[in-house]
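Visitor: Below is final.txt; it holds compact mmCIF, N, CA and C atoms.
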```txt
# COMPACT_ATOMS: atom_id res chain seq x y z
N VAL S 1 -8.15 12.80 -9.50
CA VAL S 1 -9.55 12.50 -9.20
C VAL S 1 -9.77 12.64 -7.70
N GLN S 2 -10.93 13.21 -7.32
CA GLN S 2 -11.29 13.33 -5.92
C GLN S 2 -12.34 12.27 -5.59
N LEU S 3 -12.17 11.65 -4.43
CA LEU S 3 -13.05 10.56 -4.02
C LEU S 3 -13.73 10.91 -2.71
N GLN S 4 -15.03 10.69 -2.64
CA GLN S 4 -15.80 10.99 -1.44
C GLN S 4 -16.58 9.75 -1.04
N ALA S 5 -16.18 9.12 0.05
CA ALA S 5 -16.85 7.92 0.54
C ALA S 5 -17.96 8.28 1.52
N SER S 6 -19.01 7.50 1.51
CA SER S 6 -20.12 7.70 2.43
C SER S 6 -20.84 6.39 2.67
N GLY S 7 -21.77 6.40 3.62
CA GLY S 7 -22.59 5.23 3.87
C GLY S 7 -22.23 4.42 5.10
N GLY S 8 -21.16 4.79 5.76
CA GLY S 8 -20.79 4.07 6.97
C GLY S 8 -21.76 4.34 8.11
N GLY S 9 -21.61 3.58 9.18
CA GLY S 9 -22.48 3.76 10.34
C GLY S 9 -22.33 2.63 11.32
N LEU S 10 -23.27 2.59 12.26
CA LEU S 10 -23.31 1.55 13.28
C LEU S 10 -24.41 0.55 12.94
N VAL S 11 -24.06 -0.73 12.94
CA VAL S 11 -25.02 -1.77 12.59
C VAL S 11 -24.77 -2.98 13.49
N GLN S 12 -25.82 -3.73 13.76
CA GLN S 12 -25.66 -4.94 14.54
C GLN S 12 -25.10 -6.07 13.68
N ALA S 13 -24.45 -7.01 14.32
CA ALA S 13 -23.93 -8.18 13.62
C ALA S 13 -25.07 -8.86 12.85
N GLY S 14 -24.77 -9.26 11.63
CA GLY S 14 -25.76 -9.85 10.75
C GLY S 14 -26.47 -8.85 9.86
N GLY S 15 -26.27 -7.57 10.13
CA GLY S 15 -26.91 -6.53 9.35
C GLY S 15 -26.17 -6.20 8.07
N SER S 16 -26.66 -5.18 7.38
CA SER S 16 -26.11 -4.79 6.09
C SER S 16 -25.88 -3.29 6.03
N LEU S 17 -24.91 -2.91 5.21
CA LEU S 17 -24.66 -1.52 4.88
C LEU S 17 -24.22 -1.44 3.43
N ARG S 18 -24.47 -0.31 2.80
CA ARG S 18 -23.95 -0.09 1.46
C ARG S 18 -23.11 1.19 1.47
N LEU S 19 -21.85 1.04 1.15
CA LEU S 19 -20.95 2.18 1.03
C LEU S 19 -20.96 2.69 -0.40
N SER S 20 -20.81 3.99 -0.53
CA SER S 20 -20.70 4.62 -1.84
C SER S 20 -19.43 5.44 -1.89
N CYS S 21 -18.87 5.54 -3.08
CA CYS S 21 -17.68 6.38 -3.29
C CYS S 21 -17.92 7.14 -4.59
N ALA S 22 -18.12 8.44 -4.45
CA ALA S 22 -18.36 9.29 -5.60
C ALA S 22 -17.05 9.93 -6.06
N ALA S 23 -16.79 9.86 -7.35
CA ALA S 23 -15.57 10.40 -7.92
C ALA S 23 -15.85 11.64 -8.73
N SER S 24 -14.92 12.55 -8.73
CA SER S 24 -15.05 13.77 -9.53
C SER S 24 -13.68 14.22 -9.99
N GLY S 25 -13.67 14.99 -11.03
CA GLY S 25 -12.44 15.61 -11.47
C GLY S 25 -11.80 14.99 -12.70
N ARG S 26 -12.05 13.71 -12.94
CA ARG S 26 -11.47 13.05 -14.11
C ARG S 26 -12.50 12.11 -14.71
N THR S 27 -12.16 11.55 -15.86
CA THR S 27 -13.03 10.56 -16.49
C THR S 27 -13.02 9.29 -15.64
N PHE S 28 -14.12 9.02 -15.01
CA PHE S 28 -14.22 7.93 -14.05
C PHE S 28 -14.03 6.56 -14.69
N SER S 29 -14.51 6.41 -15.91
CA SER S 29 -14.55 5.08 -16.50
C SER S 29 -13.17 4.50 -16.78
N GLY S 30 -12.13 5.29 -16.76
CA GLY S 30 -10.79 4.78 -17.02
C GLY S 30 -10.09 4.26 -15.80
N TYR S 31 -10.74 4.33 -14.65
CA TYR S 31 -10.11 3.98 -13.38
C TYR S 31 -10.59 2.64 -12.84
N ALA S 32 -9.64 1.80 -12.45
CA ALA S 32 -10.00 0.67 -11.60
C ALA S 32 -10.24 1.22 -10.20
N MET S 33 -11.15 0.60 -9.47
CA MET S 33 -11.53 1.10 -8.15
C MET S 33 -11.39 -0.01 -7.12
N GLY S 34 -11.14 0.40 -5.89
CA GLY S 34 -11.02 -0.59 -4.83
C GLY S 34 -11.52 -0.05 -3.50
N TRP S 35 -11.81 -0.99 -2.62
CA TRP S 35 -12.15 -0.65 -1.23
C TRP S 35 -11.11 -1.32 -0.33
N PHE S 36 -10.69 -0.57 0.66
CA PHE S 36 -9.74 -1.04 1.65
C PHE S 36 -10.29 -0.66 3.02
N ARG S 37 -9.76 -1.28 4.06
CA ARG S 37 -10.21 -0.94 5.40
C ARG S 37 -9.04 -0.99 6.37
N GLN S 38 -9.18 -0.23 7.44
CA GLN S 38 -8.15 -0.21 8.47
C GLN S 38 -8.83 -0.19 9.83
N ALA S 39 -8.57 -1.23 10.60
CA ALA S 39 -9.09 -1.33 11.96
C ALA S 39 -8.07 -0.74 12.92
N PRO S 40 -8.52 -0.32 14.10
CA PRO S 40 -7.59 0.28 15.07
C PRO S 40 -6.42 -0.66 15.39
N GLY S 41 -5.22 -0.13 15.30
CA GLY S 41 -4.04 -0.90 15.62
C GLY S 41 -3.60 -1.88 14.55
N LYS S 42 -4.28 -1.86 13.41
CA LYS S 42 -3.94 -2.79 12.33
C LYS S 42 -3.57 -2.02 11.07
N GLU S 43 -2.90 -2.71 10.16
CA GLU S 43 -2.55 -2.10 8.88
C GLU S 43 -3.78 -2.08 7.96
N ARG S 44 -3.74 -1.17 7.01
CA ARG S 44 -4.81 -1.12 6.01
C ARG S 44 -4.77 -2.38 5.17
N GLU S 45 -5.95 -2.94 4.90
CA GLU S 45 -6.01 -4.19 4.14
C GLU S 45 -7.00 -4.07 2.99
N PHE S 46 -6.73 -4.86 1.98
CA PHE S 46 -7.57 -4.91 0.79
C PHE S 46 -8.90 -5.57 1.12
N VAL S 47 -9.99 -5.03 0.53
CA VAL S 47 -11.32 -5.62 0.71
C VAL S 47 -11.88 -6.11 -0.62
N ALA S 48 -11.95 -5.21 -1.61
CA ALA S 48 -12.56 -5.56 -2.90
C ALA S 48 -12.04 -4.62 -3.98
N ALA S 49 -12.05 -5.10 -5.22
CA ALA S 49 -11.61 -4.28 -6.35
C ALA S 49 -12.45 -4.60 -7.57
N ILE S 50 -12.54 -3.61 -8.47
CA ILE S 50 -13.34 -3.78 -9.68
C ILE S 50 -12.65 -3.08 -10.83
N SER S 51 -12.69 -3.69 -12.00
CA SER S 51 -12.08 -3.10 -13.18
C SER S 51 -12.88 -1.90 -13.66
N TRP S 52 -12.31 -1.14 -14.59
CA TRP S 52 -12.99 0.07 -15.04
C TRP S 52 -14.31 -0.25 -15.71
N SER S 53 -14.41 -1.41 -16.35
CA SER S 53 -15.65 -1.80 -17.03
C SER S 53 -16.66 -2.46 -16.10
N GLY S 54 -16.18 -2.89 -14.93
CA GLY S 54 -17.03 -3.64 -14.02
C GLY S 54 -17.05 -5.13 -14.31
N GLY S 55 -16.31 -5.56 -15.33
CA GLY S 55 -16.36 -6.95 -15.73
C GLY S 55 -15.48 -7.88 -14.91
N SER S 56 -14.59 -7.32 -14.11
CA SER S 56 -13.69 -8.13 -13.30
C SER S 56 -13.69 -7.62 -11.87
N THR S 57 -13.84 -8.54 -10.92
CA THR S 57 -13.85 -8.17 -9.51
C THR S 57 -12.96 -9.12 -8.71
N TYR S 58 -12.43 -8.62 -7.63
CA TYR S 58 -11.63 -9.41 -6.70
C TYR S 58 -12.08 -9.09 -5.27
N TYR S 59 -11.97 -10.11 -4.41
CA TYR S 59 -12.37 -9.93 -3.02
C TYR S 59 -11.34 -10.57 -2.10
N ALA S 60 -11.19 -9.98 -0.93
CA ALA S 60 -10.43 -10.63 0.12
C ALA S 60 -11.19 -11.86 0.58
N ASP S 61 -10.46 -12.89 0.98
CA ASP S 61 -11.10 -14.13 1.41
C ASP S 61 -12.07 -13.89 2.56
N SER S 62 -11.75 -12.93 3.41
CA SER S 62 -12.56 -12.68 4.60
C SER S 62 -13.94 -12.11 4.29
N VAL S 63 -14.13 -11.59 3.07
CA VAL S 63 -15.42 -10.97 2.74
C VAL S 63 -16.13 -11.67 1.58
N LYS S 64 -15.49 -12.65 0.97
CA LYS S 64 -16.12 -13.36 -0.15
C LYS S 64 -17.46 -13.94 0.25
N GLY S 65 -18.45 -13.75 -0.61
CA GLY S 65 -19.78 -14.28 -0.34
C GLY S 65 -20.63 -13.37 0.51
N ARG S 66 -20.02 -12.34 1.11
CA ARG S 66 -20.78 -11.40 1.96
C ARG S 66 -20.79 -9.99 1.38
N PHE S 67 -19.70 -9.59 0.73
CA PHE S 67 -19.58 -8.24 0.18
C PHE S 67 -19.64 -8.31 -1.34
N THR S 68 -20.20 -7.26 -1.95
CA THR S 68 -20.25 -7.15 -3.41
C THR S 68 -19.85 -5.75 -3.82
N ILE S 69 -18.86 -5.67 -4.70
CA ILE S 69 -18.45 -4.38 -5.24
C ILE S 69 -19.09 -4.19 -6.61
N SER S 70 -19.53 -2.99 -6.90
CA SER S 70 -20.13 -2.67 -8.20
C SER S 70 -19.85 -1.21 -8.51
N ARG S 71 -20.13 -0.83 -9.74
CA ARG S 71 -19.90 0.55 -10.13
C ARG S 71 -20.94 0.99 -11.14
N ASP S 72 -21.20 2.29 -11.14
CA ASP S 72 -22.08 2.90 -12.12
C ASP S 72 -21.27 4.04 -12.75
N ASN S 73 -20.73 3.79 -13.93
CA ASN S 73 -19.87 4.79 -14.56
C ASN S 73 -20.64 6.04 -14.96
N ALA S 74 -21.92 5.90 -15.21
CA ALA S 74 -22.73 7.07 -15.55
C ALA S 74 -22.88 8.01 -14.36
N LYS S 75 -22.80 7.45 -13.14
CA LYS S 75 -22.93 8.25 -11.92
C LYS S 75 -21.58 8.50 -11.26
N ASN S 76 -20.51 8.03 -11.88
CA ASN S 76 -19.16 8.19 -11.31
C ASN S 76 -19.09 7.68 -9.87
N THR S 77 -19.69 6.54 -9.64
CA THR S 77 -19.79 6.02 -8.27
C THR S 77 -19.49 4.53 -8.24
N VAL S 78 -18.77 4.14 -7.19
CA VAL S 78 -18.54 2.73 -6.92
C VAL S 78 -19.19 2.41 -5.58
N TYR S 79 -19.71 1.20 -5.46
CA TYR S 79 -20.45 0.79 -4.27
C TYR S 79 -19.80 -0.44 -3.63
N LEU S 80 -20.05 -0.59 -2.35
CA LEU S 80 -19.68 -1.81 -1.65
C LEU S 80 -20.89 -2.23 -0.82
N GLN S 81 -21.59 -3.26 -1.28
CA GLN S 81 -22.71 -3.82 -0.53
C GLN S 81 -22.16 -4.82 0.47
N MET S 82 -22.42 -4.58 1.74
CA MET S 82 -21.89 -5.44 2.79
C MET S 82 -23.04 -6.10 3.52
N ASN S 83 -23.10 -7.41 3.44
CA ASN S 83 -24.14 -8.20 4.10
C ASN S 83 -23.52 -9.10 5.16
N SER S 84 -24.35 -9.60 6.04
CA SER S 84 -23.90 -10.53 7.09
C SER S 84 -22.68 -9.97 7.82
N LEU S 85 -22.78 -8.73 8.21
CA LEU S 85 -21.64 -8.07 8.83
C LEU S 85 -21.29 -8.70 10.18
N LYS S 86 -19.99 -8.68 10.46
CA LYS S 86 -19.45 -9.26 11.69
C LYS S 86 -18.69 -8.17 12.46
N PRO S 87 -18.54 -8.34 13.77
CA PRO S 87 -17.76 -7.36 14.52
C PRO S 87 -16.35 -7.18 13.95
N GLY S 88 -15.79 -8.22 13.37
CA GLY S 88 -14.46 -8.14 12.77
C GLY S 88 -14.39 -7.26 11.53
N ASP S 89 -15.56 -6.86 11.01
CA ASP S 89 -15.59 -5.95 9.86
C ASP S 89 -15.48 -4.49 10.30
N THR S 90 -15.50 -4.24 11.59
CA THR S 90 -15.38 -2.88 12.10
C THR S 90 -14.06 -2.26 11.68
N ALA S 91 -14.13 -1.11 11.00
CA ALA S 91 -12.93 -0.44 10.49
C ALA S 91 -13.34 0.86 9.82
N VAL S 92 -12.35 1.65 9.49
CA VAL S 92 -12.56 2.76 8.57
C VAL S 92 -12.36 2.23 7.16
N TYR S 93 -13.33 2.46 6.30
CA TYR S 93 -13.29 1.95 4.93
C TYR S 93 -12.92 3.09 3.99
N TYR S 94 -11.96 2.79 3.12
CA TYR S 94 -11.45 3.77 2.16
C TYR S 94 -11.68 3.27 0.74
N CYS S 95 -12.05 4.18 -0.14
CA CYS S 95 -12.08 3.82 -1.55
C CYS S 95 -10.81 4.35 -2.21
N ALA S 96 -10.42 3.70 -3.29
CA ALA S 96 -9.20 4.05 -4.00
C ALA S 96 -9.42 3.92 -5.49
N ALA S 97 -8.65 4.68 -6.24
CA ALA S 97 -8.76 4.67 -7.70
C ALA S 97 -7.38 4.73 -8.32
N ARG S 98 -7.22 4.04 -9.42
CA ARG S 98 -5.96 4.11 -10.15
C ARG S 98 -6.25 4.01 -11.64
N PHE S 99 -5.79 5.01 -12.38
CA PHE S 99 -6.08 5.06 -13.80
C PHE S 99 -5.36 3.96 -14.55
N GLY S 100 -6.08 3.28 -15.41
CA GLY S 100 -5.48 2.29 -16.30
C GLY S 100 -5.08 0.98 -15.66
N ALA S 101 -5.38 0.81 -14.36
CA ALA S 101 -4.99 -0.42 -13.68
C ALA S 101 -6.02 -1.51 -13.90
N THR S 102 -5.60 -2.73 -13.70
CA THR S 102 -6.54 -3.84 -13.68
C THR S 102 -7.11 -4.00 -12.27
N ALA S 103 -8.19 -4.73 -12.18
CA ALA S 103 -8.74 -5.00 -10.86
C ALA S 103 -7.75 -5.78 -10.01
N GLN S 104 -7.04 -6.69 -10.62
CA GLN S 104 -6.05 -7.48 -9.89
C GLN S 104 -4.97 -6.57 -9.33
N ALA S 105 -4.52 -5.60 -10.13
CA ALA S 105 -3.49 -4.67 -9.65
C ALA S 105 -4.00 -3.82 -8.50
N MET S 106 -5.29 -3.52 -8.48
CA MET S 106 -5.86 -2.71 -7.40
C MET S 106 -5.78 -3.44 -6.06
N THR S 107 -5.74 -4.76 -6.08
CA THR S 107 -5.63 -5.50 -4.82
C THR S 107 -4.34 -5.15 -4.09
N LEU S 108 -3.35 -4.63 -4.79
CA LEU S 108 -2.05 -4.30 -4.21
C LEU S 108 -1.88 -2.80 -3.98
N ALA S 109 -2.95 -2.02 -4.16
CA ALA S 109 -2.83 -0.56 -4.05
C ALA S 109 -2.34 -0.11 -2.69
N GLY S 110 -2.69 -0.87 -1.64
CA GLY S 110 -2.23 -0.50 -0.32
C GLY S 110 -0.73 -0.69 -0.14
N GLN S 111 -0.15 -1.58 -0.91
CA GLN S 111 1.29 -1.86 -0.81
C GLN S 111 2.09 -1.11 -1.85
N ILE S 112 1.48 -0.84 -3.00
CA ILE S 112 2.15 -0.13 -4.09
C ILE S 112 1.28 1.07 -4.42
N PRO S 113 1.40 2.16 -3.65
CA PRO S 113 0.47 3.29 -3.78
C PRO S 113 0.77 4.23 -4.94
N LEU S 114 1.73 3.93 -5.79
CA LEU S 114 2.07 4.83 -6.89
C LEU S 114 0.87 5.02 -7.79
N GLY S 115 0.48 6.27 -8.00
CA GLY S 115 -0.62 6.58 -8.90
C GLY S 115 -1.99 6.30 -8.34
N VAL S 116 -2.07 5.99 -7.05
CA VAL S 116 -3.36 5.66 -6.43
C VAL S 116 -3.93 6.88 -5.73
N TYR S 117 -5.20 7.14 -5.97
CA TYR S 117 -5.93 8.20 -5.28
C TYR S 117 -6.77 7.56 -4.18
N TRP S 118 -6.84 8.24 -3.04
CA TRP S 118 -7.57 7.73 -1.88
C TRP S 118 -8.66 8.69 -1.45
N GLY S 119 -9.79 8.13 -1.02
CA GLY S 119 -10.82 8.93 -0.41
C GLY S 119 -10.53 9.12 1.07
N GLN S 120 -11.42 9.82 1.76
CA GLN S 120 -11.17 10.21 3.14
C GLN S 120 -11.57 9.15 4.17
N GLY S 121 -12.28 8.15 3.78
CA GLY S 121 -12.67 7.08 4.69
C GLY S 121 -14.03 7.30 5.31
N THR S 122 -14.70 6.19 5.60
CA THR S 122 -15.99 6.23 6.29
C THR S 122 -15.99 5.11 7.33
N GLN S 123 -16.46 5.43 8.53
CA GLN S 123 -16.40 4.48 9.65
C GLN S 123 -17.55 3.48 9.59
N VAL S 124 -17.20 2.21 9.72
CA VAL S 124 -18.19 1.14 9.85
C VAL S 124 -17.96 0.46 11.19
N THR S 125 -18.99 0.41 12.00
CA THR S 125 -18.92 -0.22 13.31
C THR S 125 -19.99 -1.29 13.40
N VAL S 126 -19.58 -2.51 13.69
CA VAL S 126 -20.51 -3.63 13.80
C VAL S 126 -20.53 -4.10 15.25
N SER S 127 -21.68 -4.00 15.88
CA SER S 127 -21.80 -4.41 17.27
C SER S 127 -22.25 -5.86 17.38
N SER S 128 -21.80 -6.51 18.44
CA SER S 128 -22.14 -7.94 18.62
C SER S 128 -23.46 -8.10 19.37
```
Can the structure in the file be given as structure tokens, please?

Guide:
Amino acid sequence: VQLQASGGGLVQAGGSLRLSCAASGRTFSGYAMGWFRQAPGKEREFVAAISWSGGSTYYADSVKGRFTISRDNAKNTVYLQMNSLKPGDTAVYYCAARFGATAQAMTLAGQIPLGVYWGQGTQVTVSS
């Protein structure tokens, strides 16, 4: 599956952005999806994950209550709505997909990359 992330940009602290990740090449509905981010000089970290049905979601503690992951299987797209953005959210955001995985398993995709597909990343910059 090929993943194309978009929607990043420059926003002031307290603002909002919505990231999109469009998938192509395989049956999208069979894939658990996740968002990860990597700030300069730091390791890639988990942000949010969603099951193939959309019925199960997981979030990093740092984004709970501010970010919402969702998916539209008819459009082969997963979204990350980011509200109340902070300068600490500045990073390159990557979407990931893994066939047949649970949302919980997707939280570990950065550490156990077997069978995981990655998009190219989109830059999010939050100014103070």

Visitor: Please, which residues of stretch 30-121 of chain S, numbered as in this document, come out strand (DSSP E) from DSSP, as a ChimeraX atom specification?

Guide: /S:31-38,45-50,57-59,67-72,77-82,91-99,116-118

Visitor: Report as a ChimeraX atom specification all protein, DNA and RNA residues lying within 5 Å of stretch 88-96 of chain S, evaluated on all atoms listed in the file, omitting residues in the same chain fewer than 4 positions from it.

Guide: /S:33-39,117-119,121-126

Visitor: Write out as a PyMOL selection string which residues come within 5 Å of S:Arg98 when counting only N, CA and C atoms, dropping same-chain ones fewer than 3 positions away.

Guide: chain S and resi 31-32+101+115-116

Visitor: List as a count of residues only the protein and nucleic acid residues near S:Val11, meaning an atom at most 8 Å away when all atoms listed in the file are counted, but skip any in the same chain fewer than 3 places from it.

Guide: 11

Visitor: With distances taken over only N, CA and C atoms, which residue among S:Pro87, S:Gly30, S:Gly65, S:Gly41 lies nearest S:Ala13?

Guide: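 Checking each candidate against S:Ala13, we get S:Pro87 as the closest.
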
Visitor: Rank nothing, just name the residue among S:Gln12, S:Thr68, S:Ser6, S:Thr102 nearest to S:Trp52, using all atoms listed in the file.

Guide: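 Counting all atoms listed in the file, the residue closest to S:Trp52 is S:Thr102.
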
Visitor: Find the residues around S:Leu3 up to 6 Å (only N, CA and C atoms counted), leave out those fewer than 2 positions away in its own chain, and share them as a short mmCIF file (atom, residue, chain, number, x, y, z; two decimals) with N, CA and C atoms, in the coordinates of the input.

Guide:
```cif
data_model
loop_
_atom_site.label_atom_id
_atom_site.label_comp_id
_atom_site.auth_asym_id
_atom_site.auth_seq_id
_atom_site.Cartn_x
_atom_site.Cartn_y
_atom_site.Cartn_z
N VAL S 1 -8.15 12.80 -9.50
CA VAL S 1 -9.55 12.50 -9.20
C VAL S 1 -9.77 12.64 -7.70
N ALA S 5 -16.18 9.12 0.05
CA ALA S 5 -16.85 7.92 0.54
C ALA S 5 -17.96 8.28 1.52
N CYS S 21 -18.87 5.54 -3.08
CA CYS S 21 -17.68 6.38 -3.29
C CYS S 21 -17.92 7.14 -4.59
N ALA S 22 -18.12 8.44 -4.45
CA ALA S 22 -18.36 9.29 -5.60
C ALA S 22 -17.05 9.93 -6.06
N ALA S 23 -16.79 9.86 -7.35
CA ALA S 23 -15.57 10.40 -7.92
C ALA S 23 -15.85 11.64 -8.73
N SER S 24 -14.92 12.55 -8.73
CA SER S 24 -15.05 13.77 -9.53
C SER S 24 -13.68 14.22 -9.99
N TRP S 118 -6.84 8.24 -3.04
CA TRP S 118 -7.57 7.73 -1.88
C TRP S 118 -8.66 8.69 -1.45
N GLY S 119 -9.79 8.13 -1.02
CA GLY S 119 -10.82 8.93 -0.41
C GLY S 119 -10.53 9.12 1.07
N GLN S 120 -11.42 9.82 1.76
CA GLN S 120 -11.17 10.21 3.14
C GLN S 120 -11.57 9.15 4.17
#
```

Visitor: Hey, what does DSSP flag as helix (DSSP H, G or I) within chain S? Can you give it to me as a count of residues only?

Guide: 10
